[in-house]
Amino acid sequence: MVYDYENYWENSIEGRKAYYDNLYGLVKKFYNFGKGKEVLDVAGGSGQLSDYFGLKNVTLIDVSDSGLKLARNKFGFKTIKCDLMRDSWPTRDGNYDFVICNEFLEHIHFPSIVLSEINKSLKKNGILYLGQPNMTPDGEHHVRRINYSYLKCILEENGFEIVDNIIAPKIISARFSDIRKDISFVTKLKLFIGASLGLFLSKKMQFLIAKMFPNFLGGFYHIKAKKIN
């Protein structure tokens, strides 16, 4: 399947807040940008996540014409059109206090290229907030799995140090309603075990266990990484 990224974000406003509430609502305070700081939103689509975080001084870089148009016209963000894997990034070196890169690295074959460009875009000691799902790739839209160990490795290789994280759980946060007829027996079994454990585990305990075993029980990684070189 070939995705038309230039028009990907057309008619995308409906339902996005509920999606962000589900994914980021419990950890929104983790994403702390201060006031008046320069923020670069990498592969930020239409800018709805930056708006969800209440950001104003944002430059959004993406390949999607429909997303960039929404980011400019609806949210007033500065925009740059760029194929992040093929083009030289037209961002000034060391210009940004913060970079957001959420739900993007699993879409590309060579995430280190993007992390290297992000490093160059940040000021000294700048902060990267990275939101990364730990998911099985479909080979089309999501081309690779990025678990916590690999993510930590490529961040360090590209001049970053993880200074804080929140690991949202998977499996142990499953619900019995997630067990559908159209999924495999193995997946059904995993979800059944997870949903059964979830009956006895508080939300806080689920997050704690996911942090202890991030590669296997982490469903989504909220990462704060500092530029160190």
# chains A, B, ... in the order shown; residues from 1 in each chain; ligands from 1
$ select_by_dssp --residues "stretch 1-224 of chain A" --states "strand (DSSP E)" --output "VMD selection string"
chain A and resid 39 to 42 58 to 62 78 to 81 96 to 102 122 to 133 160 to 169 218 to 224
$ write_last_selection --atoms "C-alpha atoms" --output "JSON list (two decimals), in the first residue's frame"
[["chain", "number", "residue", "atom", "x", "y", "z"],
["A", 39, "VAL", "CA", 10.12, 24.33, 19.35],
["A", 40, "LEU", "CA", 10.69, 22.25, 16.21],
["A", 41, "ASP", "CA", 7.94, 19.69, 15.57],
["A", 42, "VAL", "CA", 9.48, 16.96, 13.39],
["A", 58, "VAL", "CA", 6.44, 26.22, 16.82],
["A", 59, "THR", "CA", 8.11, 25.47, 13.51],
["A", 60, "LEU", "CA", 6.65, 22.33, 11.97],
["A", 61, "ILE", "CA", 8.62, 20.35, 9.40],
["A", 62, "ASP", "CA", 6.86, 17.69, 7.35],
["A", 78, "LYS", "CA", 5.62, 28.33, 10.98],
["A", 79, "THR", "CA", 6.06, 25.49, 8.50],
["A", 80, "ILE", "CA", 8.79, 23.91, 6.40],
["A", 81, "LYS", "CA", 8.14, 21.35, 3.68],
["A", 96, "TYR", "CA", 15.77, 25.23, 18.80],
["A", 97, "ASP", "CA", 15.34, 24.77, 22.55],
["A", 98, "PHE", "CA", 13.07, 21.76, 22.13],
["A", 99, "VAL", "CA", 12.25, 19.21, 19.46],
["A", 100, "ILE", "CA", 9.15, 17.02, 19.39],
["A", 101, "CYS", "CA", 9.27, 13.81, 17.37],
["A", 102, "ASN", "CA", 6.26, 11.67, 18.07],
["A", 122, "LEU", "CA", 18.95, 21.71, 18.86],
["A", 123, "LYS", "CA", 20.79, 24.27, 20.94],
["A", 124, "LYS", "CA", 23.46, 23.10, 23.39],
["A", 125, "ASN", "CA", 21.77, 21.01, 26.11],
["A", 126, "GLY", "CA", 18.53, 21.16, 24.12],
["A", 127, "ILE", "CA", 15.75, 18.68, 24.82],
["A", 128, "LEU", "CA", 14.15, 16.11, 22.54],
["A", 129, "TYR", "CA", 10.72, 14.80, 23.51],
["A", 130, "LEU", "CA", 10.17, 11.53, 21.72],
["A", 131, "GLY", "CA", 6.91, 9.61, 21.71],
["A", 132, "GLN", "CA", 7.47, 6.12, 20.36],
["A", 133, "PRO", "CA", 5.14, 3.11, 20.09],
["A", 160, "PHE", "CA", 21.56, 12.12, 23.30],
["A", 161, "GLU", "CA", 21.13, 10.93, 26.86],
["A", 162, "ILE", "CA", 17.75, 9.82, 28.19],
["A", 163, "VAL", "CA", 17.09, 11.89, 31.31],
["A", 164, "ASP", "CA", 13.50, 10.84, 32.01],
["A", 165, "ASN", "CA", 10.83, 8.54, 30.68],
["A", 166, "ILE", "CA", 7.34, 7.23, 31.20],
["A", 167, "ILE", "CA", 6.55, 3.78, 29.85],
["A", 168, "ALA", "CA", 2.90, 3.18, 29.13],
["A", 169, "PRO", "CA", 1.97, -0.51, 29.47],
["A", 218, "GLY", "CA", 6.00, -1.28, 27.27],
["A", 219, "GLY", "CA", 3.40, -0.20, 24.75],
["A", 220, "PHE", "CA", 4.39, 3.43, 24.28],
["A", 221, "TYR", "CA", 7.58, 5.22, 25.31],
["A", 222, "HIS", "CA", 7.49, 8.86, 26.41],
["A", 223, "ILE", "CA", 11.14, 9.89, 26.31],
["A", 224, "LYS", "CA", 12.92, 13.06, 27.43]]
$ select_by_dssp --residues "stretch 9-223 of chain A" --states "alpha helix (DSSP H)" --output "CSV table (one decimal) with N, CA and C atoms, in the first residue's frame"
chain,number,residue,atom,x,y,z
A,16,ARG,N,-9.2,13.7,16.6
A,16,ARG,CA,-7.8,13.7,17.0
A,16,ARG,C,-7.7,14.0,18.5
A,17,LYS,N,-8.5,14.8,19.1
A,17,LYS,CA,-8.4,15.2,20.5
A,17,LYS,C,-8.6,13.9,21.3
A,18,ALA,N,-9.6,13.2,21.0
A,18,ALA,CA,-9.9,11.9,21.7
A,18,ALA,C,-8.7,11.0,21.6
A,19,TYR,N,-8.1,10.9,20.5
A,19,TYR,CA,-6.9,10.1,20.3
A,19,TYR,C,-5.8,10.5,21.1
A,20,TYR,N,-5.5,11.9,21.2
A,20,TYR,CA,-4.4,12.4,22.0
A,20,TYR,C,-4.7,12.3,23.5
A,21,ASP,N,-6.0,12.4,23.8
A,21,ASP,CA,-6.4,12.2,25.3
A,21,ASP,C,-6.0,10.8,25.7
A,22,ASN,N,-6.3,9.8,24.8
A,22,ASN,CA,-6.1,8.5,25.2
A,22,ASN,C,-4.6,8.2,25.3
A,23,LEU,N,-3.8,8.8,24.4
A,23,LEU,CA,-2.3,8.4,24.4
A,23,LEU,C,-1.5,9.3,25.3
A,24,TYR,N,-1.9,10.6,25.4
A,24,TYR,CA,-1.0,11.6,26.1
A,24,TYR,C,-1.7,12.2,27.4
A,48,GLN,N,-1.5,19.3,15.2
A,48,GLN,CA,-2.5,19.1,16.2
A,48,GLN,C,-1.9,18.7,17.6
A,49,LEU,N,-0.8,18.0,17.6
A,49,LEU,CA,-0.2,17.5,18.8
A,49,LEU,C,0.4,18.7,19.5
A,50,SER,N,1.2,19.6,18.8
A,50,SER,CA,1.7,20.8,19.3
A,50,SER,C,0.7,21.7,19.9
A,51,ASP,N,-0.4,21.8,19.2
A,51,ASP,CA,-1.6,22.6,19.7
A,51,ASP,C,-2.1,21.9,21.0
A,52,TYR,N,-2.2,20.6,21.0
A,52,TYR,CA,-2.7,19.9,22.2
A,52,TYR,C,-1.9,20.2,23.4
A,65,ASP,N,1.6,18.4,2.3
A,65,ASP,CA,1.0,19.7,2.0
A,65,ASP,C,-0.2,19.9,2.8
A,66,SER,N,-1.1,18.9,2.9
A,66,SER,CA,-2.3,19.1,3.7
A,66,SER,C,-2.1,19.4,5.1
A,67,GLY,N,-1.1,18.7,5.7
A,67,GLY,CA,-0.7,18.9,7.1
A,67,GLY,C,-0.1,20.3,7.3
A,68,LEU,N,0.8,20.7,6.5
A,68,LEU,CA,1.4,22.0,6.6
A,68,LEU,C,0.4,23.2,6.5
A,69,LYS,N,-0.6,23.0,5.6
A,69,LYS,CA,-1.6,24.0,5.4
A,69,LYS,C,-2.4,24.1,6.7
A,70,LEU,N,-2.8,23.0,7.3
A,70,LEU,CA,-3.6,23.1,8.5
A,70,LEU,C,-2.8,23.7,9.6
A,71,ALA,N,-1.5,23.4,9.7
A,71,ALA,CA,-0.6,23.9,10.8
A,71,ALA,C,-0.5,25.4,10.7
A,72,ARG,N,-0.4,25.9,9.4
A,72,ARG,CA,-0.3,27.4,9.2
A,72,ARG,C,-1.7,28.1,9.5
A,73,ASN,N,-2.7,27.6,8.8
A,73,ASN,CA,-4.0,28.3,8.8
A,73,ASN,C,-4.8,28.1,10.1
A,74,LYS,N,-4.7,27.0,10.7
A,74,LYS,CA,-5.6,26.7,11.9
A,74,LYS,C,-4.8,27.1,13.1
A,75,PHE,N,-3.5,26.8,13.2
A,75,PHE,CA,-2.8,27.0,14.5
A,75,PHE,C,-1.8,28.1,14.4
A,111,PRO,N,16.2,5.4,11.2
A,111,PRO,CA,15.8,6.5,12.2
A,111,PRO,C,17.0,7.3,12.6
A,112,SER,N,18.2,6.7,12.5
A,112,SER,CA,19.4,7.5,13.0
A,112,SER,C,19.6,8.7,12.1
A,113,ILE,N,19.2,8.7,10.9
A,113,ILE,CA,19.3,9.9,10.0
A,113,ILE,C,18.5,11.0,10.6
A,114,VAL,N,17.3,10.7,11.0
A,114,VAL,CA,16.5,11.8,11.6
A,114,VAL,C,17.0,12.2,13.0
A,115,LEU,N,17.5,11.3,13.8
A,115,LEU,CA,18.0,11.7,15.1
A,115,LEU,C,19.3,12.6,15.0
A,116,SER,N,20.1,12.3,14.0
A,116,SER,CA,21.3,13.1,13.7
A,116,SER,C,20.9,14.5,13.3
A,117,GLU,N,19.9,14.7,12.5
A,117,GLU,CA,19.4,16.0,12.0
A,117,GLU,C,18.8,16.7,13.2
A,118,ILE,N,18.1,16.0,14.0
A,118,ILE,CA,17.5,16.6,15.2
A,118,ILE,C,18.5,17.2,16.1
A,119,ASN,N,19.6,16.4,16.4
A,119,ASN,CA,20.7,16.8,17.2
A,119,ASN,C,21.3,18.2,16.7
A,120,LYS,N,21.5,18.2,15.4
A,120,LYS,CA,22.0,19.5,14.8
A,120,LYS,C,21.1,20.6,14.9
A,121,SER,N,19.8,20.4,15.0
A,121,SER,CA,18.8,21.5,15.1
A,121,SER,C,18.7,22.1,16.5
A,148,TYR,N,12.6,-0.5,23.5
A,148,TYR,CA,13.3,0.5,24.3
A,148,TYR,C,14.9,0.4,24.2
A,149,SER,N,15.4,-0.8,24.2
A,149,SER,CA,16.8,-1.0,24.1
A,149,SER,C,17.4,-0.4,22.8
A,150,TYR,N,16.7,-0.7,21.7
A,150,TYR,CA,17.2,-0.1,20.5
A,150,TYR,C,17.1,1.4,20.4
A,151,LEU,N,16.0,1.9,21.0
A,151,LEU,CA,15.8,3.4,21.0
A,151,LEU,C,16.9,4.0,21.8
A,152,LYS,N,17.2,3.5,23.0
A,152,LYS,CA,18.2,4.0,23.8
A,152,LYS,C,19.6,4.0,23.1
A,153,CYS,N,19.8,2.9,22.4
A,153,CYS,CA,21.1,2.8,21.6
A,153,CYS,C,21.2,3.8,20.6
A,154,ILE,N,20.2,4.0,19.7
A,154,ILE,CA,20.3,5.0,18.6
A,154,ILE,C,20.3,6.4,19.1
A,155,LEU,N,19.7,6.7,20.3
A,155,LEU,CA,19.8,8.0,20.9
A,155,LEU,C,21.2,8.3,21.3
A,156,GLU,N,21.8,7.4,22.0
A,156,GLU,CA,23.2,7.6,22.5
A,156,GLU,C,24.2,7.7,21.3
A,157,GLU,N,23.9,6.9,20.2
A,157,GLU,CA,24.8,7.0,19.0
A,157,GLU,C,24.7,8.4,18.4
A,185,PHE,N,-5.0,-16.8,17.6
A,185,PHE,CA,-5.2,-17.4,18.9
A,185,PHE,C,-4.1,-17.0,19.9
A,186,VAL,N,-2.9,-16.8,19.4
A,186,VAL,CA,-1.8,-16.4,20.3
A,186,VAL,C,-2.1,-15.0,20.9
A,187,THR,N,-2.5,-14.1,20.0
A,187,THR,CA,-2.9,-12.7,20.4
A,187,THR,C,-4.0,-12.8,21.4
A,188,LYS,N,-5.0,-13.6,21.1
A,188,LYS,CA,-6.2,-13.7,22.0
A,188,LYS,C,-5.7,-14.2,23.4
A,189,LEU,N,-4.8,-15.1,23.4
A,189,LEU,CA,-4.3,-15.7,24.7
A,189,LEU,C,-3.5,-14.6,25.5
A,190,LYS,N,-2.6,-13.8,24.8
A,190,LYS,CA,-1.9,-12.8,25.4
A,190,LYS,C,-2.8,-11.7,26.0
A,191,LEU,N,-3.9,-11.4,25.2
A,191,LEU,CA,-4.8,-10.4,25.7
A,191,LEU,C,-5.6,-10.9,26.9
A,192,PHE,N,-6.0,-12.2,26.9
A,192,PHE,CA,-6.7,-12.8,28.0
A,192,PHE,C,-5.9,-12.7,29.2
A,193,ILE,N,-4.6,-13.1,29.1
A,193,ILE,CA,-3.7,-13.1,30.3
A,193,ILE,C,-3.5,-11.7,30.8
A,194,GLY,N,-3.3,-10.8,29.9
A,194,GLY,CA,-3.1,-9.4,30.3
A,194,GLY,C,-4.3,-8.8,30.9
A,195,ALA,N,-5.5,-9.1,30.4
A,195,ALA,CA,-6.8,-8.5,31.0
A,195,ALA,C,-7.0,-9.2,32.3
A,196,SER,N,-6.7,-10.4,32.5
A,196,SER,CA,-6.8,-11.1,33.8
A,196,SER,C,-5.9,-10.5,34.8
A,197,LEU,N,-4.6,-10.2,34.4
A,197,LEU,CA,-3.7,-9.6,35.4
A,197,LEU,C,-4.2,-8.2,35.7
A,198,GLY,N,-4.7,-7.5,34.7
A,198,GLY,CA,-5.2,-6.1,34.9
A,198,GLY,C,-6.2,-6.0,36.0
A,203,LYS,N,-3.5,1.1,38.0
A,203,LYS,CA,-2.9,1.8,36.9
A,203,LYS,C,-1.4,2.1,37.2
A,204,LYS,N,-1.2,2.6,38.4
A,204,LYS,CA,0.2,2.9,38.8
A,204,LYS,C,1.1,1.7,38.8
A,205,MET,N,0.6,0.5,39.2
A,205,MET,CA,1.4,-0.7,39.2
A,205,MET,C,1.7,-1.1,37.8
A,206,GLN,N,0.7,-1.0,36.9
A,206,GLN,CA,0.9,-1.3,35.5
A,206,GLN,C,2.0,-0.5,34.9
A,207,PHE,N,2.0,0.8,35.1
A,207,PHE,CA,3.1,1.6,34.6
A,207,PHE,C,4.5,1.2,35.2
A,208,LEU,N,4.5,0.9,36.5
A,208,LEU,CA,5.7,0.5,37.2
A,208,LEU,C,6.3,-0.8,36.6
A,209,ILE,N,5.4,-1.8,36.3
A,209,ILE,CA,5.9,-3.0,35.8
A,209,ILE,C,6.4,-2.8,34.3
A,210,ALA,N,5.6,-2.0,33.6
A,210,ALA,CA,6.1,-1.7,32.2
A,210,ALA,C,7.4,-1.0,32.2
A,211,LYS,N,7.7,-0.2,33.2
A,211,LYS,CA,9.0,0.4,33.2
A,211,LYS,C,10.1,-0.6,33.6
A,212,MET,N,9.8,-1.6,34.3
A,212,MET,CA,10.8,-2.6,34.7
A,212,MET,C,11.1,-3.5,33.5
A,214,PRO,N,10.5,-2.8,29.8
A,214,PRO,CA,10.0,-1.9,28.7
A,214,PRO,C,10.0,-2.6,27.3
A,215,ASN,N,11.0,-3.5,27.1
A,215,ASN,CA,11.0,-4.1,25.7
A,215,ASN,C,9.8,-5.0,25.5
A,216,PHE,N,9.3,-5.6,26.6
A,216,PHE,CA,8.2,-6.7,26.5
A,216,PHE,C,6.9,-6.1,26.9
A,217,LEU,N,6.8,-5.3,27.9
A,217,LEU,CA,5.5,-4.9,28.4
A,217,LEU,C,5.3,-3.4,28.2
$ atom_distance --atom1 "atom CA of A:Phe176" --atom2 "atom CA of A:Leu201"
14.7 Å
$ atom_distance --atom1 "atom CA of A:Leu84" --atom2 "atom CA of A:Val63"
7.3 Å
$ atom_distance --atom1 "atom CA of A:His107" --atom2 "atom CA of A:Gly34"
29.3 Å
$ decode --residues "stretch 108-157 of chain A" --atoms "N, CA and C atoms" --output "CSV table (one decimal), in the first residue's frame"
chain,number,residue,atom,x,y,z
A,108,ILE,N,10.1,4.7,9.3
A,108,ILE,CA,11.2,4.9,8.4
A,108,ILE,C,12.2,3.8,8.7
A,109,HIS,N,13.0,3.5,7.7
A,109,HIS,CA,14.0,2.4,7.8
A,109,HIS,C,15.3,2.8,8.5
A,110,PHE,N,15.6,4.1,8.4
A,110,PHE,CA,16.9,4.5,9.0
A,110,PHE,C,16.7,5.7,10.0
A,111,PRO,N,16.2,5.4,11.2
A,111,PRO,CA,15.8,6.5,12.2
A,111,PRO,C,17.0,7.3,12.6
A,112,SER,N,18.2,6.7,12.5
A,112,SER,CA,19.4,7.5,13.0
A,112,SER,C,19.6,8.7,12.1
A,113,ILE,N,19.2,8.7,10.9
A,113,ILE,CA,19.3,9.9,10.0
A,113,ILE,C,18.5,11.0,10.6
A,114,VAL,N,17.3,10.7,11.0
A,114,VAL,CA,16.5,11.8,11.6
A,114,VAL,C,17.0,12.2,13.0
A,115,LEU,N,17.5,11.3,13.8
A,115,LEU,CA,18.0,11.7,15.1
A,115,LEU,C,19.3,12.6,15.0
A,116,SER,N,20.1,12.3,14.0
A,116,SER,CA,21.3,13.1,13.7
A,116,SER,C,20.9,14.5,13.3
A,117,GLU,N,19.9,14.7,12.5
A,117,GLU,CA,19.4,16.0,12.0
A,117,GLU,C,18.8,16.7,13.2
A,118,ILE,N,18.1,16.0,14.0
A,118,ILE,CA,17.5,16.6,15.2
A,118,ILE,C,18.5,17.2,16.1
A,119,ASN,N,19.6,16.4,16.4
A,119,ASN,CA,20.7,16.8,17.2
A,119,ASN,C,21.3,18.2,16.7
A,120,LYS,N,21.5,18.2,15.4
A,120,LYS,CA,22.0,19.5,14.8
A,120,LYS,C,21.1,20.6,14.9
A,121,SER,N,19.8,20.4,15.0
A,121,SER,CA,18.8,21.5,15.1
A,121,SER,C,18.7,22.1,16.5
A,122,LEU,N,19.1,21.3,17.5
A,122,LEU,CA,19.0,21.7,18.9
A,122,LEU,C,20.1,22.6,19.3
A,123,LYS,N,19.8,23.5,20.2
A,123,LYS,CA,20.8,24.3,20.9
A,123,LYS,C,21.6,23.4,21.9
A,124,LYS,N,22.7,23.8,22.4
A,124,LYS,CA,23.5,23.1,23.4
A,124,LYS,C,22.6,22.8,24.6
A,125,ASN,N,22.6,21.5,25.0
A,125,ASN,CA,21.8,21.0,26.1
A,125,ASN,C,20.3,21.1,25.8
A,126,GLY,N,19.9,21.2,24.5
A,126,GLY,CA,18.5,21.2,24.1
A,126,GLY,C,17.9,19.8,24.4
A,127,ILE,N,16.5,19.8,24.4
A,127,ILE,CA,15.7,18.7,24.8
A,127,ILE,C,14.9,18.1,23.7
A,128,LEU,N,15.0,16.8,23.5
A,128,LEU,CA,14.1,16.1,22.5
A,128,LEU,C,13.1,15.4,23.3
A,129,TYR,N,11.8,15.6,23.0
A,129,TYR,CA,10.7,14.8,23.5
A,129,TYR,C,10.3,13.8,22.4
A,130,LEU,N,10.4,12.6,22.7
A,130,LEU,CA,10.2,11.5,21.7
A,130,LEU,C,9.0,10.6,22.2
A,131,GLY,N,8.0,10.5,21.4
A,131,GLY,CA,6.9,9.6,21.7
A,131,GLY,C,7.0,8.4,20.7
A,132,GLN,N,7.2,7.2,21.3
A,132,GLN,CA,7.5,6.1,20.4
A,132,GLN,C,6.7,4.9,20.7
A,133,PRO,N,5.8,4.4,19.8
A,133,PRO,CA,5.1,3.1,20.1
A,133,PRO,C,6.1,1.9,19.9
A,134,ASN,N,5.8,0.9,20.7
A,134,ASN,CA,6.5,-0.4,20.6
A,134,ASN,C,5.5,-1.3,20.0
A,135,MET,N,5.6,-1.5,18.7
A,135,MET,CA,4.5,-2.2,18.0
A,135,MET,C,5.1,-3.1,16.9
A,136,THR,N,4.3,-4.1,16.5
A,136,THR,CA,4.7,-5.0,15.5
A,136,THR,C,4.5,-4.3,14.1
A,137,PRO,N,5.5,-4.2,13.3
A,137,PRO,CA,5.3,-3.4,12.0
A,137,PRO,C,4.4,-4.2,11.1
A,138,ASP,N,3.7,-3.4,10.2
A,138,ASP,CA,2.9,-4.1,9.2
A,138,ASP,C,3.6,-4.2,7.8
A,139,GLY,N,4.9,-3.6,7.8
A,139,GLY,CA,5.6,-3.7,6.5
A,139,GLY,C,5.2,-2.6,5.5
A,140,GLU,N,4.2,-1.8,5.8
A,140,GLU,CA,3.8,-0.9,4.8
A,140,GLU,C,3.8,0.6,5.4
A,141,HIS,N,2.9,0.8,6.3
A,141,HIS,CA,2.8,2.1,7.0
A,141,HIS,C,3.9,2.2,8.1
A,142,HIS,N,3.9,1.1,8.9
A,142,HIS,CA,4.9,1.0,10.0
A,142,HIS,C,5.9,-0.1,9.6
A,143,VAL,N,7.2,0.4,9.3
A,143,VAL,CA,8.1,-0.5,8.6
A,143,VAL,C,9.1,-1.2,9.6
A,144,ARG,N,9.1,-0.8,10.9
A,144,ARG,CA,10.0,-1.4,11.8
A,144,ARG,C,9.6,-1.3,13.2
A,145,ARG,N,10.0,-2.2,14.0
A,145,ARG,CA,9.7,-2.2,15.5
A,145,ARG,C,10.9,-1.5,16.2
A,146,ILE,N,10.6,-0.6,17.1
A,146,ILE,CA,11.6,0.1,17.9
A,146,ILE,C,11.3,-0.2,19.3
A,147,ASN,N,12.0,-1.1,20.0
A,147,ASN,CA,11.8,-1.3,21.4
A,147,ASN,C,12.7,-0.4,22.2
A,148,TYR,N,12.6,-0.5,23.5
A,148,TYR,CA,13.3,0.5,24.3
A,148,TYR,C,14.9,0.4,24.2
A,149,SER,N,15.4,-0.8,24.2
A,149,SER,CA,16.8,-1.0,24.1
A,149,SER,C,17.4,-0.4,22.8
A,150,TYR,N,16.7,-0.7,21.7
A,150,TYR,CA,17.2,-0.1,20.5
A,150,TYR,C,17.1,1.4,20.4
A,151,LEU,N,16.0,1.9,21.0
A,151,LEU,CA,15.8,3.4,21.0
A,151,LEU,C,16.9,4.0,21.8
A,152,LYS,N,17.2,3.5,23.0
A,152,LYS,CA,18.2,4.0,23.8
A,152,LYS,C,19.6,4.0,23.1
A,153,CYS,N,19.8,2.9,22.4
A,153,CYS,CA,21.1,2.8,21.6
A,153,CYS,C,21.2,3.8,20.6
A,154,ILE,N,20.2,4.0,19.7
A,154,ILE,CA,20.3,5.0,18.6
A,154,ILE,C,20.3,6.4,19.1
A,155,LEU,N,19.7,6.7,20.3
A,155,LEU,CA,19.8,8.0,20.9
A,155,LEU,C,21.2,8.3,21.3
A,156,GLU,N,21.8,7.4,22.0
A,156,GLU,CA,23.2,7.6,22.5
A,156,GLU,C,24.2,7.7,21.3
A,157,GLU,N,23.9,6.9,20.2
A,157,GLU,CA,24.8,7.0,19.0
A,157,GLU,C,24.7,8.4,18.4
